[in-house]
$ cat structure-v7.cif   # mmCIF, C-alpha atoms and all ligand atoms
data_target
loop_
_atom_site.label_atom_id
_atom_site.label_comp_id
_atom_site.auth_asym_id
_atom_site.auth_seq_id
_atom_site.Cartn_x
_atom_site.Cartn_y
_atom_site.Cartn_z
CA MET A 1 21.27 -56.36 8.54
CA ARG A 2 20.02 -59.95 8.86
CA HIS A 3 16.86 -59.36 10.96
CA LEU A 4 14.74 -56.46 12.22
CA LEU A 5 13.62 -57.55 15.69
CA SER A 6 13.61 -54.34 17.72
CA THR A 7 14.58 -50.68 17.66
CA GLU A 8 16.49 -51.17 20.91
CA GLY A 9 20.07 -51.44 19.70
CA LEU A 10 19.26 -50.19 16.19
CA ASP A 11 22.02 -47.66 15.60
CA ARG A 12 21.35 -44.18 14.28
CA ALA A 13 23.15 -44.73 10.96
CA THR A 14 21.11 -47.87 10.15
CA ALA A 15 17.82 -46.28 11.20
CA THR A 16 18.56 -43.18 9.12
CA SER A 17 19.57 -45.29 6.15
CA ILE A 18 16.24 -47.20 6.29
CA LEU A 19 14.32 -43.89 6.55
CA ASP A 20 16.28 -42.41 3.62
CA THR A 21 15.62 -45.52 1.52
CA ALA A 22 11.89 -45.25 2.29
CA ASP A 23 11.95 -41.56 1.23
CA ASN A 24 13.72 -42.44 -2.02
CA LEU A 25 11.30 -45.28 -2.77
CA LYS A 26 8.33 -43.00 -2.13
CA ARG A 27 9.74 -40.37 -4.49
CA ALA A 28 10.63 -42.98 -7.13
CA LEU A 29 7.10 -44.42 -7.15
CA LEU A 30 5.24 -41.10 -6.95
CA GLY A 31 2.91 -40.64 -9.91
CA ARG A 32 3.92 -43.92 -11.55
CA GLU A 33 1.04 -45.86 -13.05
CA VAL A 34 2.66 -49.22 -12.28
CA ARG A 35 4.21 -49.13 -8.83
CA LYS A 36 6.47 -52.12 -9.25
CA LEU A 37 10.25 -52.42 -8.94
CA PRO A 38 12.15 -55.60 -9.92
CA THR A 39 14.44 -55.50 -6.84
CA LEU A 40 13.22 -58.63 -5.02
CA ARG A 41 12.27 -60.77 -8.00
CA GLY A 42 12.79 -64.43 -7.08
CA ARG A 43 12.63 -63.76 -3.32
CA THR A 44 9.86 -65.14 -1.09
CA VAL A 45 8.38 -63.24 1.86
CA ILE A 46 5.99 -65.05 4.21
CA THR A 47 3.83 -63.14 6.69
CA LEU A 48 3.00 -65.29 9.74
CA PHE A 49 0.37 -63.66 11.94
CA TYR A 50 -0.84 -65.14 15.24
CA GLU A 51 -2.74 -61.94 16.05
CA ASN A 52 -5.12 -59.88 13.94
CA SER A 53 -3.83 -57.01 11.85
CA THR A 54 -5.02 -54.74 9.07
CA ARG A 55 -2.25 -52.16 8.50
CA THR A 56 0.89 -54.18 9.17
CA ARG A 57 -0.05 -57.36 7.33
CA VAL A 58 -1.51 -55.57 4.30
CA SER A 59 1.37 -53.10 4.00
CA PHE A 60 3.99 -55.86 4.19
CA GLU A 61 2.13 -57.75 1.47
CA ILE A 62 1.90 -54.65 -0.74
CA ALA A 63 5.54 -53.74 0.02
CA GLY A 64 6.73 -57.19 -1.04
CA LYS A 65 4.61 -57.16 -4.18
CA TRP A 66 5.76 -53.67 -5.19
CA MET A 67 9.33 -55.01 -4.94
CA SER A 68 8.34 -58.05 -7.12
CA ALA A 69 8.83 -60.59 -4.30
CA ASP A 70 6.50 -63.58 -4.02
CA VAL A 71 4.41 -62.97 -0.91
CA VAL A 72 2.55 -65.70 0.98
CA ASN A 73 0.27 -64.92 3.93
CA VAL A 74 -0.20 -67.41 6.77
CA SER A 75 -2.56 -66.77 9.66
CA ALA A 76 -2.59 -69.00 12.73
CA GLY A 77 -6.31 -69.77 12.37
CA GLY A 78 -6.03 -71.01 8.81
CA SER A 79 -2.83 -73.05 9.26
CA SER A 80 -1.66 -76.19 11.07
CA VAL A 81 -1.08 -74.00 14.13
CA SER A 82 -4.79 -74.62 14.83
CA LYS A 83 -3.96 -78.38 14.98
CA GLY A 84 -1.34 -77.76 17.66
CA GLU A 85 1.83 -77.24 15.61
CA SER A 86 4.47 -75.31 17.56
CA LEU A 87 5.93 -71.94 16.54
CA ARG A 88 9.33 -73.60 16.00
CA ASP A 89 7.96 -76.32 13.73
CA THR A 90 5.86 -73.78 11.84
CA ALA A 91 8.91 -71.56 11.31
CA LEU A 92 11.12 -74.44 10.16
CA THR A 93 8.35 -75.56 7.78
CA LEU A 94 8.13 -72.09 6.22
CA ALA A 95 11.94 -71.91 5.84
CA ALA A 96 12.01 -75.38 4.24
CA ALA A 97 9.27 -74.27 1.85
CA GLY A 98 11.58 -71.48 0.63
CA ALA A 99 10.97 -68.38 2.76
CA ASP A 100 13.76 -65.80 2.44
CA CYS A 101 12.03 -63.65 5.05
CA VAL A 102 9.37 -64.36 7.68
CA VAL A 103 7.39 -61.39 8.99
CA VAL A 104 5.93 -62.53 12.30
CA ARG A 105 3.32 -61.16 14.71
CA HIS A 106 2.82 -63.13 17.91
CA PRO A 107 1.17 -62.46 21.30
CA ALA A 108 4.29 -63.58 23.22
CA SER A 109 7.00 -60.99 23.92
CA GLY A 110 10.27 -62.36 22.54
CA ALA A 111 8.67 -64.65 19.93
CA ALA A 112 10.41 -62.93 17.00
CA HIS A 113 13.82 -63.30 18.68
CA ARG A 114 13.20 -67.03 19.23
CA LEU A 115 12.18 -67.40 15.60
CA ALA A 116 15.38 -65.68 14.44
CA GLY A 117 17.41 -68.16 16.51
CA TRP A 118 15.61 -71.18 15.06
CA LEU A 119 16.00 -69.88 11.48
CA ALA A 120 19.68 -68.91 11.76
CA GLU A 121 20.87 -72.11 10.06
CA ALA A 122 18.36 -71.72 7.22
CA GLY A 123 19.57 -68.15 6.58
CA THR A 124 16.00 -66.84 6.69
CA SER A 125 15.50 -63.22 7.79
CA VAL A 126 12.93 -62.37 10.44
CA VAL A 127 10.99 -59.13 10.88
CA ASN A 128 9.15 -58.52 14.12
CA ALA A 129 5.67 -57.26 13.19
CA GLY A 130 4.71 -57.00 16.87
CA ASP A 131 5.52 -59.38 19.75
CA GLY A 132 3.27 -59.16 22.79
CA MET A 133 3.95 -56.01 24.79
CA HIS A 134 7.60 -55.90 23.67
CA GLU A 135 8.26 -54.17 20.31
CA HIS A 136 6.82 -53.22 16.92
CA PRO A 137 9.89 -51.77 15.17
CA THR A 138 8.43 -51.07 11.72
CA GLN A 139 5.64 -49.04 13.36
CA ALA A 140 8.21 -46.81 15.08
CA LEU A 141 10.18 -46.43 11.85
CA LEU A 142 7.10 -45.42 9.86
CA ASP A 143 6.18 -43.00 12.66
CA ALA A 144 9.66 -41.45 12.38
CA ALA A 145 9.28 -41.26 8.58
CA THR A 146 6.00 -39.39 9.07
CA LEU A 147 7.52 -37.02 11.65
CA ARG A 148 10.40 -36.25 9.28
CA GLU A 149 7.95 -35.59 6.46
CA ARG A 150 5.69 -33.31 8.55
CA LEU A 151 8.27 -31.57 10.76
CA GLY A 152 11.43 -31.74 8.61
CA SER A 153 13.39 -33.53 11.35
CA VAL A 154 13.06 -35.64 14.47
CA GLU A 155 16.16 -34.38 16.28
CA GLY A 156 15.38 -31.84 18.99
CA ARG A 157 11.61 -32.26 18.63
CA ARG A 158 9.42 -32.76 21.69
CA ILE A 159 7.12 -35.73 21.16
CA GLY A 160 4.29 -36.60 23.55
CA ILE A 161 3.15 -40.25 23.63
CA VAL A 162 -0.24 -40.52 25.31
CA GLY A 163 -2.27 -43.39 26.69
CA ASP A 164 -1.86 -47.09 27.43
CA VAL A 165 1.92 -47.21 27.80
CA LEU A 166 1.68 -50.34 29.98
CA HIS A 167 0.47 -52.69 27.21
CA SER A 168 1.99 -50.96 24.18
CA ARG A 169 4.73 -52.45 22.01
CA VAL A 170 4.46 -49.35 19.82
CA VAL A 171 5.60 -47.12 22.67
CA ARG A 172 8.62 -49.29 23.50
CA SER A 173 9.84 -49.22 19.90
CA ASN A 174 9.17 -45.49 19.63
CA VAL A 175 10.96 -44.62 22.88
CA HIS A 176 14.14 -46.41 21.73
CA LEU A 177 14.06 -45.04 18.18
CA LEU A 178 13.12 -41.46 19.09
CA ALA A 179 15.90 -41.37 21.70
CA THR A 180 18.38 -42.68 19.08
CA LEU A 181 17.25 -40.00 16.62
CA GLY A 182 17.63 -37.25 19.24
CA ALA A 183 14.01 -36.42 20.12
CA ASP A 184 12.81 -35.44 23.57
CA VAL A 185 9.98 -37.80 24.61
CA VAL A 186 7.32 -37.23 27.27
CA LEU A 187 4.97 -40.08 28.19
CA VAL A 188 1.53 -38.91 29.31
CA ALA A 189 -0.65 -41.51 31.02
CA PRO A 190 -2.61 -42.30 34.15
CA PRO A 191 -0.45 -44.06 36.77
CA THR A 192 -2.44 -47.30 36.22
CA LEU A 193 -1.35 -47.48 32.57
CA LEU A 194 2.39 -47.02 33.17
CA PRO A 195 4.78 -49.98 33.58
CA VAL A 196 6.98 -50.61 36.59
CA GLY A 197 10.47 -49.31 35.77
CA VAL A 198 9.34 -46.51 33.44
CA GLN A 199 11.56 -44.14 35.45
CA ASN A 200 14.54 -45.92 33.87
CA TRP A 201 13.38 -45.18 30.31
CA PRO A 202 14.96 -42.21 28.43
CA VAL A 203 11.78 -40.12 28.83
CA THR A 204 9.99 -37.77 31.17
CA VAL A 205 6.63 -38.86 32.57
CA SER A 206 3.51 -36.75 33.12
CA HIS A 207 -0.10 -37.45 34.12
CA GLU A 208 -1.40 -34.07 32.87
CA LEU A 209 -2.05 -33.90 29.15
CA ASP A 210 -3.24 -30.28 29.10
CA ALA A 211 0.00 -29.12 30.75
CA GLU A 212 2.15 -30.85 28.10
CA LEU A 213 0.31 -29.99 24.89
CA PRO A 214 1.58 -26.38 24.44
CA SER A 215 5.21 -27.54 24.27
CA LEU A 216 4.76 -30.49 21.89
CA ASP A 217 5.79 -30.71 18.23
CA ALA A 218 3.81 -33.93 17.90
CA VAL A 219 1.40 -35.97 19.92
CA MET A 220 1.20 -39.72 19.38
CA LEU A 221 -1.90 -41.36 20.79
CA LEU A 222 -1.80 -45.02 21.82
CA ARG A 223 -4.67 -47.46 21.54
CA VAL A 224 -6.14 -48.53 24.87
CA GLN A 225 -5.66 -52.31 24.65
CA ALA A 226 -8.76 -53.69 26.34
CA GLU A 227 -7.94 -57.20 25.02
CA ARG A 228 -4.86 -57.29 27.27
CA MET A 229 -6.79 -56.08 30.38
CA HIS A 230 -8.69 -59.14 31.41
CA GLY A 231 -9.94 -57.63 34.67
CA GLY A 232 -11.27 -54.46 33.06
CA PHE A 233 -9.35 -51.23 33.24
CA PHE A 234 -9.13 -48.15 35.38
CA PRO A 235 -9.77 -45.36 34.64
CA SER A 236 -13.04 -46.18 32.89
CA ALA A 237 -13.46 -45.37 29.20
CA ARG A 238 -15.40 -42.23 30.14
CA GLU A 239 -12.82 -41.05 32.68
CA TYR A 240 -10.03 -41.80 30.21
CA SER A 241 -11.72 -39.81 27.49
CA ILE A 242 -12.21 -36.80 29.77
CA ALA A 243 -8.59 -36.75 30.99
CA TYR A 244 -6.67 -38.00 27.94
CA GLY A 245 -8.93 -37.94 24.87
CA LEU A 246 -7.65 -35.56 22.18
CA ASN A 247 -10.56 -33.28 21.32
CA GLU A 248 -10.71 -30.00 19.40
CA ASN A 249 -10.19 -27.90 22.55
CA ARG A 250 -7.01 -29.80 23.35
CA LEU A 251 -5.82 -29.57 19.75
CA GLY A 252 -6.15 -25.79 20.17
CA LEU A 253 -3.61 -25.92 23.03
CA MET A 254 -0.92 -27.27 20.70
CA PRO A 255 1.35 -25.09 18.53
CA GLU A 256 0.05 -24.51 14.97
CA HIS A 257 2.75 -26.73 13.43
CA ALA A 258 2.20 -29.65 15.80
CA VAL A 259 1.06 -32.91 14.28
CA VAL A 260 -1.20 -35.71 15.55
CA LEU A 261 -0.28 -39.39 15.09
CA HIS A 262 -2.03 -42.63 15.96
CA PRO A 263 -0.73 -46.11 15.02
CA GLY A 264 -4.28 -47.40 14.63
CA PRO A 265 -6.69 -48.95 15.02
CA MET A 266 -8.06 -45.90 16.85
CA LEU A 267 -11.00 -45.74 19.21
CA ARG A 268 -12.86 -42.66 18.00
CA GLY A 269 -14.70 -40.76 20.70
CA MET A 270 -12.48 -42.18 23.44
CA GLU A 271 -8.82 -41.69 22.48
CA ILE A 272 -9.47 -39.14 19.75
CA ALA A 273 -12.43 -37.06 18.57
CA SER A 274 -13.44 -37.62 14.95
CA ALA A 275 -13.00 -33.89 14.26
CA VAL A 276 -9.32 -34.25 15.25
CA ALA A 277 -8.72 -37.61 13.54
CA ASP A 278 -10.11 -36.27 10.27
CA SER A 279 -8.42 -32.85 10.48
CA PRO A 280 -5.40 -31.80 8.35
CA ARG A 281 -3.35 -31.71 11.57
CA ALA A 282 -3.67 -35.51 11.82
CA ALA A 283 -1.10 -37.57 9.89
CA ILE A 284 -2.84 -40.89 10.48
CA THR A 285 -3.44 -41.81 6.83
CA ASP A 286 0.08 -40.54 6.00
CA GLN A 287 1.38 -43.04 8.56
CA VAL A 288 -0.37 -45.88 6.73
CA ARG A 289 0.87 -44.66 3.33
CA ASN A 290 4.42 -44.26 4.64
CA GLY A 291 4.18 -47.73 6.18
CA VAL A 292 4.23 -49.31 2.72
CA HIS A 293 7.40 -47.46 1.62
CA LEU A 294 9.05 -48.02 4.97
CA ARG A 295 8.38 -51.77 4.82
CA MET A 296 9.69 -51.82 1.24
CA ALA A 297 12.86 -50.20 2.61
CA VAL A 298 13.15 -52.81 5.38
CA LEU A 299 12.75 -55.69 2.91
CA TYR A 300 15.35 -54.02 0.67
CA HIS A 301 17.85 -53.71 3.54
CA LEU A 302 17.28 -57.34 4.57
CA LEU A 303 17.12 -59.05 1.20
CA ALA A 304 18.76 -56.88 -1.45
CA HIS A 305 21.17 -54.43 0.18
CA GLU A 306 23.78 -56.97 1.38
CA GLU A 307 23.70 -58.74 -1.95
CA GLU A 308 24.34 -55.50 -3.87
CA ALA A 309 27.16 -54.56 -1.48
CA SER A 310 28.97 -57.93 -1.88
N1 LIG B 401 -0.58 -50.26 13.92
C1 LIG B 401 -0.80 -51.58 13.72
O1 LIG B 401 0.02 -52.44 14.04
O2 LIG B 401 -2.02 -51.84 13.15
P1 LIG B 401 -2.53 -53.31 12.78
O3 LIG B 401 -2.79 -54.03 14.07
O4 LIG B 401 -3.80 -53.07 11.99
O5 LIG B 401 -1.47 -53.98 11.98
#
$ encode --input "structure-v7.cif" --output "structure tokens"
Amino acid sequence: MRHLLSTEGLDRATATSILDTADNLKRALLGREVRKLPTLRGRTVITLFYENSTRTRVSFEIAGKWMSADVVNVSAGGSSVSKGESLRDTALTLAAAGADCVVVRHPASGAAHRLAGWLAEAGTSVVNAGDGMHEHPTQALLDAATLRERLGSVEGRRIGIVGDVLHSRVVRSNVHLLATLGADVVLVAPPTLLPVGVQNWPVTVSHELDAELPSLDAVMLLRVQAERMHGGFFPSAREYSIAYGLNENRLGLMPEHAVVLHPGPMLRGMEIASAVADSPRAAITDQVRNGVHLRMAVLYHLLAHEEEAS
């Protein structure tokens, strides 16, 4: 694997191999005082973020450091991007400076694919850490890792994804990956927060959360992305919370084994009640924890796996 740009087209064997590697890394590091492996010594990973992030940027940095890579963080605001440098020139500069892998987040859908094209000659790997409303593949992979951990398997499970489907790159990556892994996905959203063409996705669509909850093995809540809704959004925050917010009453409609996920950052009181977010049924901190091992696994597959195989 040279790049990780999307889960669309990621085959089941490769996805499963990344998930298995993440499991093995988690087990290998469990209880160790020094959580450091020598695997990527001498390799350089650069995170290039044009949008804000807490979880993704920090977990890639930790993942790289736990694999002994040199990790450099570049944010658009603190770089020559603020002087007008283009994405292409920035990428070529980072490759010339010695990047083996660039982890990029950008507001434009397709930016990571463009970057991979520009860096082909340099041999630099690219990981998409979120491009506009397109994809966020490592989020979907860490979500699958968490589902496997909590439910034992993804295949045959019924997963509800609730909320702002229209603006979500997380949902697009999850729909592709969950379909590849054999899950049954239902999207639950108001009609105003669904994209045109959703009927062609490998999912069923519902507007009624309460009707879906009793049959779900997991519910994944999406953040309502107000920053991408320049004209305000409908329904209002209050209406949204009443119809789609996951509160304790709604949690009670789900089977006992069913698990609650949220990619974060979450809007407490609107998308999810604090009593639910902080309950043992929620796997939200597990998702963050698994994100580090999963991103270690991705860096391993990109930077170490091929080398070991050759
Ligand atoms: N889930 C996610 O991408 O979170 P961050 O924006 O904090 O990275």
$ residues_near_ligand --input "structure-v7.cif" --ligand "ligand LIG 401 (chain B)" --cutoff "8 Å" --atoms "all atoms listed in the file" --output "ChimeraX atom specification"
/A:52-58,129-130,136,139,170,263-265
$ residues_around --input "structure-v7.cif" --residues "Leu5 in chain A" --least-positions-apart "2" --cutoff "10 Å" --atoms "all atoms listed in the file" --output "PyMOL selection string"
chain A and resi 2-3+7-10+103-104+110-113+115-116+125-131+135-138
$ closest_residue --input "structure-v7.cif" --among "A:Ala189, A:Leu147, A:Trp66, A:Ala91" --to "Lys26 in chain A" --atoms "all atoms listed in the file"
A:Trp66
$ closest_atom_pairs --input "structure-v7.cif" --of "range 43-76 of chain A" --to "range 92-100 of chain A" --cutoff "10 Å" --atoms "only C-alpha atoms" --output "JSON lines"
{"residue": "A:Arg43", "atom": "CA", "partner": "A:Asp100", "partner_atom": "CA", "distance": 6.2}
{"residue": "A:Thr44", "atom": "CA", "partner": "A:Ala99", "partner_atom": "CA", "distance": 5.2}
{"residue": "A:Val45", "atom": "CA", "partner": "A:Ala99", "partner_atom": "CA", "distance": 5.8}
{"residue": "A:Ile46", "atom": "CA", "partner": "A:Ala99", "partner_atom": "CA", "distance": 6.2}
{"residue": "A:Thr47", "atom": "CA", "partner": "A:Ala99", "partner_atom": "CA", "distance": 9.7}
{"residue": "A:Leu48", "atom": "CA", "partner": "A:Leu94", "partner_atom": "CA", "distance": 9.2}
{"residue": "A:Ala69", "atom": "CA", "partner": "A:Asp100", "partner_atom": "CA", "distance": 9.8}
{"residue": "A:Asp70", "atom": "CA", "partner": "A:Ala99", "partner_atom": "CA", "distance": 9.4}
{"residue": "A:Val71", "atom": "CA", "partner": "A:Ala99", "partner_atom": "CA", "distance": 9.3}
{"residue": "A:Val72", "atom": "CA", "partner": "A:Ala99", "partner_atom": "CA", "distance": 9.0}
{"residue": "A:Val74", "atom": "CA", "partner": "A:Leu94", "partner_atom": "CA", "distance": 9.6}
$ residues_around --input "structure-v7.cif" --residues "Val292 in chain A" --least-positions-apart "4" --cutoff "12 Å" --atoms "all atoms listed in the file" --output "ChimeraX atom specification"
/A:22-23,25-26,29,35,55-67,138-139,141-143,145-146,285-288,296-299
$ decode --input "structure-v7.cif" --residues "range 109-137 of chain A" --atoms "N, CA and C atoms" --output "tab-separated table (two decimals), in the first residue's frame"
chain	number	residue	atom	x	y	z
A	109	SER	N	-12.43	18.80	-0.81
A	109	SER	CA	-12.59	17.37	-1.15
A	109	SER	C	-11.65	17.05	-2.31
A	110	GLY	N	-10.90	15.98	-2.18
A	110	GLY	CA	-9.98	15.59	-3.26
A	110	GLY	C	-8.55	16.09	-3.06
A	111	ALA	N	-8.31	16.91	-2.02
A	111	ALA	CA	-6.97	17.48	-1.83
A	111	ALA	C	-5.91	16.38	-1.61
A	112	ALA	N	-6.26	15.36	-0.84
A	112	ALA	CA	-5.28	14.30	-0.55
A	112	ALA	C	-4.91	13.54	-1.82
A	113	HIS	N	-5.89	13.31	-2.69
A	113	HIS	CA	-5.60	12.63	-3.96
A	113	HIS	C	-4.66	13.47	-4.83
A	114	ARG	N	-4.89	14.79	-4.87
A	114	ARG	CA	-4.01	15.67	-5.65
A	114	ARG	C	-2.59	15.60	-5.10
A	115	LEU	N	-2.49	15.64	-3.78
A	115	LEU	CA	-1.18	15.60	-3.12
A	115	LEU	C	-0.44	14.30	-3.49
A	116	ALA	N	-1.17	13.19	-3.47
A	116	ALA	CA	-0.55	11.90	-3.81
A	116	ALA	C	0.00	11.92	-5.24
A	117	GLY	N	-0.73	12.56	-6.14
A	117	GLY	CA	-0.26	12.69	-7.53
A	117	GLY	C	1.02	13.51	-7.61
A	118	TRP	N	1.04	14.64	-6.91
A	118	TRP	CA	2.21	15.51	-6.96
A	118	TRP	C	3.44	14.86	-6.32
A	119	LEU	N	3.21	13.98	-5.34
A	119	LEU	CA	4.34	13.38	-4.61
A	119	LEU	C	4.75	12.01	-5.15
A	120	ALA	N	4.12	11.59	-6.25
A	120	ALA	CA	4.41	10.25	-6.79
A	120	ALA	C	5.90	10.10	-7.11
A	121	GLU	N	6.45	11.12	-7.76
A	121	GLU	CA	7.86	11.03	-8.19
A	121	GLU	C	8.79	10.98	-6.98
A	122	ALA	N	8.43	11.70	-5.92
A	122	ALA	CA	9.28	11.73	-4.72
A	122	ALA	C	9.19	10.44	-3.93
A	123	GLY	N	8.15	9.63	-4.20
A	123	GLY	CA	7.98	8.37	-3.46
A	123	GLY	C	7.44	8.57	-2.06
A	124	THR	N	6.86	9.74	-1.81
A	124	THR	CA	6.32	10.04	-0.47
A	124	THR	C	4.89	9.51	-0.35
A	125	SER	N	4.61	8.83	0.76
A	125	SER	CA	3.25	8.33	1.00
A	125	SER	C	2.36	9.45	1.51
A	126	VAL	N	1.07	9.33	1.21
A	126	VAL	CA	0.09	10.32	1.67
A	126	VAL	C	-1.02	9.60	2.42
A	127	VAL	N	-1.38	10.15	3.59
A	127	VAL	CA	-2.57	9.68	4.31
A	127	VAL	C	-3.57	10.82	4.34
A	128	ASN	N	-4.79	10.50	3.98
A	128	ASN	CA	-5.87	11.48	4.04
A	128	ASN	C	-6.40	11.53	5.48
A	129	ALA	N	-6.18	12.66	6.15
A	129	ALA	CA	-6.68	12.83	7.52
A	129	ALA	C	-7.97	13.64	7.52
A	130	GLY	N	-8.66	13.66	6.38
A	130	GLY	CA	-9.92	14.37	6.25
A	130	GLY	C	-9.83	15.40	5.15
A	131	ASP	N	-10.60	15.20	4.04
A	131	ASP	CA	-10.60	16.18	2.94
A	131	ASP	C	-12.03	16.64	2.69
A	132	GLY	N	-12.30	17.87	3.09
A	132	GLY	CA	-13.62	18.46	2.88
A	132	GLY	C	-14.74	17.56	3.36
A	133	MET	N	-15.72	17.34	2.49
A	133	MET	CA	-16.86	16.48	2.83
A	133	MET	C	-16.69	15.10	2.21
A	134	HIS	N	-15.43	14.77	1.81
A	134	HIS	CA	-15.22	13.54	1.04
A	134	HIS	C	-14.98	12.33	1.93
A	135	GLU	N	-13.76	12.22	2.53
A	135	GLU	CA	-13.45	11.00	3.30
A	135	GLU	C	-12.54	11.29	4.49
A	136	HIS	N	-12.55	10.39	5.44
A	136	HIS	CA	-11.67	10.43	6.62
A	136	HIS	C	-11.39	8.95	6.96
A	137	PRO	N	-10.55	8.30	6.13
A	137	PRO	CA	-10.45	6.83	6.21
A	137	PRO	C	-9.93	6.29	7.54
